[in-house]
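Chemist: Following this line is query02.cif, made up of mmCIF, C-alpha atoms:
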```
data_model
loop_
_atom_site.label_atom_id
_atom_site.label_comp_id
_atom_site.auth_asym_id
_atom_site.auth_seq_id
_atom_site.Cartn_x
_atom_site.Cartn_y
_atom_site.Cartn_z
CA MET A 1 61.31 -89.94 11.64
CA PRO A 2 60.22 -91.90 8.53
CA GLU A 3 60.65 -95.63 8.70
CA ARG A 4 63.61 -96.86 6.68
CA ALA A 5 62.70 -99.01 3.67
CA PRO A 6 64.06 -102.58 3.75
CA GLY A 7 67.21 -103.16 1.72
CA LEU A 8 67.60 -105.37 -1.33
CA PRO A 9 68.75 -108.48 0.63
CA ALA A 10 65.71 -108.22 2.93
CA ARG A 11 63.29 -107.77 0.02
CA THR A 12 64.91 -110.67 -1.85
CA GLY A 13 64.67 -112.91 1.21
CA ARG A 14 61.00 -112.08 1.69
CA ALA A 15 60.24 -112.75 -1.98
CA LEU A 16 62.01 -116.12 -1.87
CA LEU A 17 60.24 -117.06 1.36
CA ALA A 18 56.87 -116.13 -0.15
CA GLN A 19 57.56 -118.29 -3.19
CA TRP A 20 58.64 -121.17 -0.97
CA HIS A 21 55.35 -120.95 0.92
CA ARG A 22 53.43 -121.05 -2.39
CA VAL A 23 54.93 -124.49 -3.08
CA ALA A 24 55.36 -125.93 0.41
CA GLY A 25 51.97 -124.76 1.68
CA PRO A 26 49.77 -126.72 -0.75
CA THR A 27 52.09 -129.72 -0.51
CA TRP A 28 51.90 -129.86 3.27
CA THR A 29 48.14 -129.29 3.29
CA VAL A 30 47.49 -132.19 0.91
CA LEU A 31 49.86 -134.51 2.77
CA CYS A 32 48.25 -133.73 6.13
CA ARG A 33 44.76 -134.30 4.77
CA ARG A 34 45.31 -137.45 2.66
CA ARG A 35 48.67 -138.77 3.89
CA LEU A 36 50.04 -141.62 1.74
CA ALA A 37 46.88 -141.67 -0.39
CA ALA A 38 47.99 -138.31 -1.82
CA VAL A 39 51.18 -139.72 -3.34
CA PRO A 40 50.53 -143.23 -4.75
CA LEU A 41 52.80 -142.62 -7.77
CA THR A 42 55.63 -141.40 -5.54
CA ALA A 43 55.30 -144.38 -3.22
CA ALA A 44 55.39 -146.82 -6.15
CA SER A 45 58.36 -144.96 -7.66
CA VAL A 46 60.34 -145.18 -4.42
CA VAL A 47 59.73 -148.92 -4.28
CA LEU A 48 60.86 -149.31 -7.91
CA VAL A 49 64.07 -147.34 -7.35
CA ILE A 50 64.97 -149.52 -4.37
CA ALA A 51 64.00 -152.76 -6.13
CA PHE A 52 65.95 -151.93 -9.30
CA HIS A 53 69.02 -151.00 -7.27
CA ALA A 54 68.85 -154.25 -5.31
CA LEU A 55 68.40 -156.30 -8.49
CA ALA A 56 71.31 -154.57 -10.22
CA LEU A 57 73.70 -155.83 -7.53
CA THR A 58 73.71 -159.28 -9.16
CA ASP A 59 74.54 -160.22 -12.74
CA ALA A 60 71.19 -161.88 -13.38
CA GLY A 61 69.34 -158.98 -11.76
CA GLU A 62 71.30 -156.44 -13.76
CA ARG A 63 70.29 -158.16 -16.99
CA LEU A 64 66.67 -158.16 -15.86
CA VAL A 65 66.79 -154.45 -15.03
CA TRP A 66 68.28 -153.71 -18.45
CA SER A 67 65.63 -155.75 -20.24
CA LEU A 68 62.89 -153.88 -18.38
CA GLY A 69 64.20 -150.31 -18.38
CA GLY A 70 67.47 -150.16 -20.30
CA VAL A 71 67.68 -147.25 -22.77
CA ARG A 72 70.68 -146.35 -24.92
CA ALA A 73 71.32 -144.80 -28.32
CA ASP A 74 71.71 -148.18 -30.01
CA VAL A 75 68.38 -149.52 -28.72
CA PRO A 76 65.61 -149.53 -31.39
CA VAL A 77 63.06 -146.76 -31.05
CA TRP A 78 60.11 -149.13 -30.55
CA LEU A 79 61.95 -150.82 -27.70
CA VAL A 80 62.86 -147.47 -26.16
CA LEU A 81 59.17 -146.56 -26.05
CA LEU A 82 58.35 -149.82 -24.29
CA ARG A 83 61.12 -149.42 -21.74
CA LEU A 84 60.71 -145.70 -21.20
CA PRO A 85 58.37 -145.77 -18.14
CA LEU A 86 60.65 -148.07 -16.14
CA SER A 87 63.83 -146.38 -17.37
CA LEU A 88 63.11 -143.57 -14.90
CA PHE A 89 63.84 -145.93 -12.03
CA ALA A 90 66.75 -147.90 -13.47
CA PRO A 91 70.22 -146.99 -12.14
CA ALA A 92 71.66 -143.93 -13.88
CA PRO A 93 75.34 -143.42 -14.76
CA GLY A 94 76.93 -140.96 -12.35
CA LEU A 95 73.93 -140.81 -10.00
CA PRO A 96 74.07 -142.90 -6.79
CA TRP A 97 70.97 -144.86 -5.95
CA TRP A 98 70.30 -142.75 -2.84
CA GLY A 99 70.44 -139.61 -5.01
CA ALA A 100 67.80 -141.04 -7.33
CA LEU A 101 65.75 -142.11 -4.31
CA LEU A 102 65.91 -138.64 -2.79
CA GLN A 103 64.93 -136.95 -6.06
CA VAL A 104 61.97 -139.25 -6.56
CA ALA A 105 60.73 -139.05 -2.95
CA VAL A 106 60.93 -135.26 -2.66
CA ILE A 107 60.28 -133.90 -6.16
CA PHE A 108 57.77 -136.52 -7.29
CA GLY A 109 55.96 -136.18 -3.95
CA MET A 110 55.80 -132.40 -4.12
CA ALA A 111 54.62 -132.46 -7.73
CA GLU A 112 52.00 -135.12 -7.06
CA CYS A 113 50.50 -133.04 -4.24
CA VAL A 114 50.38 -129.92 -6.43
CA LEU A 115 49.67 -131.29 -9.92
CA GLY A 116 47.87 -134.54 -9.10
CA THR A 117 48.88 -138.08 -9.97
CA LEU A 118 47.84 -138.08 -13.63
CA ARG A 119 49.58 -134.83 -14.56
CA THR A 120 52.70 -135.83 -12.61
CA LEU A 121 52.88 -139.10 -14.53
CA THR A 122 52.22 -137.37 -17.86
CA VAL A 123 54.86 -134.68 -17.36
CA SER A 124 57.43 -137.27 -16.22
CA LEU A 125 56.96 -139.45 -19.30
CA VAL A 126 56.71 -136.60 -21.83
CA VAL A 127 59.82 -134.80 -20.57
CA THR A 128 61.82 -138.03 -20.27
CA ALA A 129 60.86 -139.02 -23.83
CA ALA A 130 61.80 -135.57 -25.14
CA ALA A 131 65.22 -135.71 -23.47
CA THR A 132 65.81 -139.26 -24.70
CA PHE A 133 65.04 -138.51 -28.33
CA PHE A 134 66.86 -135.18 -28.23
CA ALA A 135 69.92 -137.14 -27.07
CA ARG A 136 69.65 -139.29 -30.20
CA PHE A 137 69.50 -136.14 -32.29
CA LEU A 138 72.64 -134.77 -30.60
CA LEU A 139 74.57 -137.91 -31.54
CA THR A 140 73.90 -137.21 -35.22
CA LEU A 141 75.62 -133.80 -35.07
CA GLY A 142 79.10 -133.44 -36.47
CA PRO A 143 82.11 -132.84 -34.20
CA GLY A 144 82.21 -129.14 -35.10
CA HIS A 145 78.70 -128.40 -33.87
CA VAL A 146 78.29 -126.33 -30.70
CA LEU A 147 76.08 -129.05 -29.13
CA ALA A 148 78.18 -132.01 -30.29
CA VAL A 149 79.04 -134.64 -27.68
CA PRO A 150 81.88 -137.19 -27.61
CA PRO A 151 81.01 -140.33 -29.63
CA ALA A 152 81.76 -142.50 -26.59
CA GLU A 153 78.67 -141.02 -24.90
CA ALA A 154 76.51 -143.09 -27.26
CA MET A 155 77.36 -146.23 -25.31
CA LEU A 156 76.21 -144.86 -21.95
CA ALA A 157 72.82 -145.80 -20.55
CA ASP A 158 70.21 -143.04 -20.74
CA THR A 159 68.32 -143.92 -17.59
CA GLY A 160 67.35 -142.33 -14.29
CA PRO A 161 64.84 -139.73 -13.06
CA SER A 162 66.78 -136.52 -13.75
CA ALA A 163 64.81 -135.45 -16.84
CA ALA A 164 61.50 -136.16 -15.09
CA VAL A 165 62.65 -134.22 -12.03
CA LEU A 166 63.59 -131.28 -14.25
CA GLY A 167 60.13 -131.26 -15.83
CA LEU A 168 58.29 -131.60 -12.54
CA LEU A 169 60.20 -128.73 -10.93
CA ILE A 170 59.36 -126.43 -13.83
CA CYS A 171 55.68 -127.43 -13.93
CA THR A 172 55.24 -127.27 -10.15
CA GLY A 173 56.75 -123.79 -10.00
CA TRP A 174 54.54 -122.71 -12.87
CA ALA A 175 51.36 -124.09 -11.27
CA CYS A 176 52.17 -122.51 -7.89
CA ARG A 177 53.04 -119.09 -9.36
CA ALA A 178 56.62 -119.53 -8.16
CA PRO A 179 58.75 -118.33 -11.11
CA VAL A 180 61.96 -118.55 -9.09
CA LEU A 181 61.55 -122.33 -8.92
CA SER A 182 60.70 -122.68 -12.61
CA MET A 183 63.22 -120.23 -14.04
CA GLY A 184 65.88 -121.25 -11.53
CA THR A 185 65.56 -124.83 -12.75
CA VAL A 186 65.80 -123.73 -16.39
CA VAL A 187 68.90 -121.61 -15.71
CA THR A 188 70.60 -124.29 -13.61
CA PHE A 189 70.20 -127.07 -16.17
CA SER A 190 71.09 -124.72 -19.02
CA LEU A 191 74.33 -123.79 -17.26
CA GLU A 192 75.05 -127.49 -16.80
CA CYS A 193 74.71 -127.89 -20.56
CA VAL A 194 77.15 -125.02 -21.17
CA LEU A 195 79.74 -126.16 -18.64
CA THR A 196 79.73 -129.89 -19.45
CA ALA A 197 79.79 -131.70 -22.78
CA THR A 198 78.08 -134.89 -21.61
CA LEU A 199 75.14 -136.35 -23.47
CA SER A 200 72.91 -136.42 -20.39
CA SER A 201 73.42 -132.73 -19.57
CA ARG A 202 72.80 -131.53 -23.12
CA ALA A 203 69.82 -133.83 -23.58
CA HIS A 204 68.19 -131.83 -20.80
CA LEU A 205 67.69 -128.99 -23.30
CA GLY A 206 65.05 -131.12 -25.00
CA GLY A 207 63.55 -131.83 -21.60
CA ILE A 208 63.41 -128.11 -20.76
CA ALA A 209 61.54 -127.34 -23.99
CA ALA A 210 59.05 -130.16 -23.34
CA ALA A 211 58.59 -129.11 -19.72
CA LEU A 212 57.82 -125.50 -20.66
CA LEU A 213 55.28 -126.74 -23.19
CA CYS A 214 53.66 -129.01 -20.59
CA ALA A 215 53.55 -126.15 -18.11
CA ALA A 216 51.89 -123.79 -20.58
CA VAL A 217 49.35 -126.37 -21.78
CA ALA A 218 48.49 -128.53 -18.79
CA CYS A 219 49.89 -126.90 -15.64
CA ARG A 220 48.54 -123.39 -15.77
CA PRO A 221 48.08 -121.74 -12.37
CA PRO A 222 44.50 -121.37 -11.16
CA ALA A 223 42.86 -118.13 -12.17
CA ARG A 224 42.72 -115.49 -9.50
CA ALA A 225 39.26 -114.95 -8.12
CA ALA A 226 37.62 -111.91 -9.70
CA PRO A 227 36.22 -109.30 -7.29
CA LEU A 228 32.50 -109.61 -6.67
CA PRO A 229 30.37 -106.93 -8.38
CA PRO A 230 28.61 -104.48 -6.03
CA ALA A 231 25.15 -105.55 -4.99
CA PRO A 232 22.39 -103.75 -6.92
CA VAL A 233 20.51 -101.07 -4.99
CA THR A 234 16.80 -101.85 -4.77
CA ALA A 235 14.07 -99.22 -4.92
CA ARG A 236 13.29 -99.75 -1.23
CA GLN A 237 16.91 -99.28 -0.20
CA ASP A 238 17.10 -96.15 -2.37
CA ALA A 239 13.99 -94.75 -0.70
CA VAL A 240 15.37 -95.40 2.77
CA GLY A 241 18.67 -93.77 1.79
#
```
Could I get this file's structure written as structure tokens?
Modeler:
Amino acid sequence: MPERAPGLPARTGRALLAQWHRVAGPTWTVLCRRRLAAVPLTAASVVLVIAFHALALTDAGERLVWSLGGVRADVPVWLVLLRLPLSLFAPAPGLPWWGALLQVAVIFGMAECVLGTLRTLTVSLVVTAAATFFARFLLTLGPGHVLAVPPAEAMLADTGPSAAVLGLLICTGWACRAPVLSMGTVVTFSLECVLTATLSSRAHLGGIAAALLCAAVACRPPARAAPLPPAPVTARQDAVG
């Protein structure tokens, strides 16, 4: 009796499990081999998230955090560029500190093991900058535009790691040949933009575009090894044959 082919749910589960192993496998291998030395950027980022949260609990500390990493639509562009690196770790509106900590520890760590420290840092800054400046563009749109946001959104802080996390998920999935992770991230954040009219959700469209560009340019998956050509047959071997 012929063996019954696995159904769609079974095939889908196997495909998802295979893609999970493509991401988790390299991450676990690097962590086991190098331990904390594999994720210096992630370790520093975790410390910054905790330190900024603790400082923001006091009035003086909150002012210090804002002066170091505060970004908003009314902040001059040159000052935004200076504050941009630390804005990733400043408290974000609507995101609890433990949520930011979890995102940074898990996603930054995974990306740093797969992409390396330099590319992880580059993607984080490029995608965050793209989302920040796309948010400024959105605020210039008239109220009738499909991407228009409420004017009150201009006074909200544009801080936190969400844009960087978006970019790192896309680039990590791309580098690991795990399209479910990359495209799933794109679809999820795009749906968020459709379902909510907040500035932060719609600014992620700029982050998605920047992340896809980073993935195509700097996070390409390693080339598959080409099959070795057959060994040439020598005259002696031919004679023996």
Chemist: Once the PyMOL selection byres ((chain A and resi 151-159) around 6) is applied to the coordinates I shared, what remains selected? I want it as a list of chain:residue names.
Modeler: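 Output of the PyMOL selection byres ((chain A and resi 151-159) around 6): A:Val71, A:Arg72, A:Ala73, A:Ser87, A:Leu88, A:Ala90, A:Ala92, A:Pro150, A:Gly160.
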Chemist: With all atoms listed in the file as the basis for distance, which of A:Arg63, A:Ala51, A:Arg22, A:Thr122 is at the shortest distance from Trp174 in chain A?
Modeler: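 Result for the nearest residue to Trp174 in chain A: A:Arg22.
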Chemist: In Å to one decimal, how far is CA of Ser200 in chain A from CA of Val77 in chain A?
Modeler: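 Between CA of Val77 in chain A and CA of Ser200 in chain A the gap works out to 17.8 Å.
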Chemist: Starting from the PyMOL selection byres ((chain A and resi 219) around 10), expand the selection into actual residues of this file and give them as a compact mmCIF listing (two decimals) with C-alpha atoms, in the frame of the given file.
Modeler:
```txt
# COMPACT_ATOMS: atom_id res chain seq x y z
CA VAL A 114 50.38 -129.92 -6.43
CA LEU A 115 49.67 -131.29 -9.92
CA ARG A 119 49.58 -134.83 -14.56
CA THR A 120 52.70 -135.83 -12.61
CA VAL A 123 54.86 -134.68 -17.36
CA ILE A 170 59.36 -126.43 -13.83
CA CYS A 171 55.68 -127.43 -13.93
CA THR A 172 55.24 -127.27 -10.15
CA GLY A 173 56.75 -123.79 -10.00
CA TRP A 174 54.54 -122.71 -12.87
CA ALA A 175 51.36 -124.09 -11.27
CA CYS A 176 52.17 -122.51 -7.89
CA ALA A 211 58.59 -129.11 -19.72
CA LEU A 212 57.82 -125.50 -20.66
CA LEU A 213 55.28 -126.74 -23.19
CA CYS A 214 53.66 -129.01 -20.59
CA ALA A 215 53.55 -126.15 -18.11
CA ALA A 216 51.89 -123.79 -20.58
CA VAL A 217 49.35 -126.37 -21.78
CA ALA A 218 48.49 -128.53 -18.79
CA ARG A 220 48.54 -123.39 -15.77
CA PRO A 221 48.08 -121.74 -12.37
CA PRO A 222 44.50 -121.37 -11.16
```
Chemist: Which of these residues is nearest to Val146 in chain A, using only C-alpha atoms: A:Ala178, A:Ala197, A:Leu41, A:Ile208?
Modeler: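 Among the listed residues, the smallest separation from Val146 in chain A belongs to A:Ala197.
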Chemist: Pull out every residue that the PyMOL selection byres ((chain A and resi 190-195) around 12) matches in the shown coordinates and put them as a ChimeraX atom specification.
Modeler: /A:146-149,166,183-189,196-209
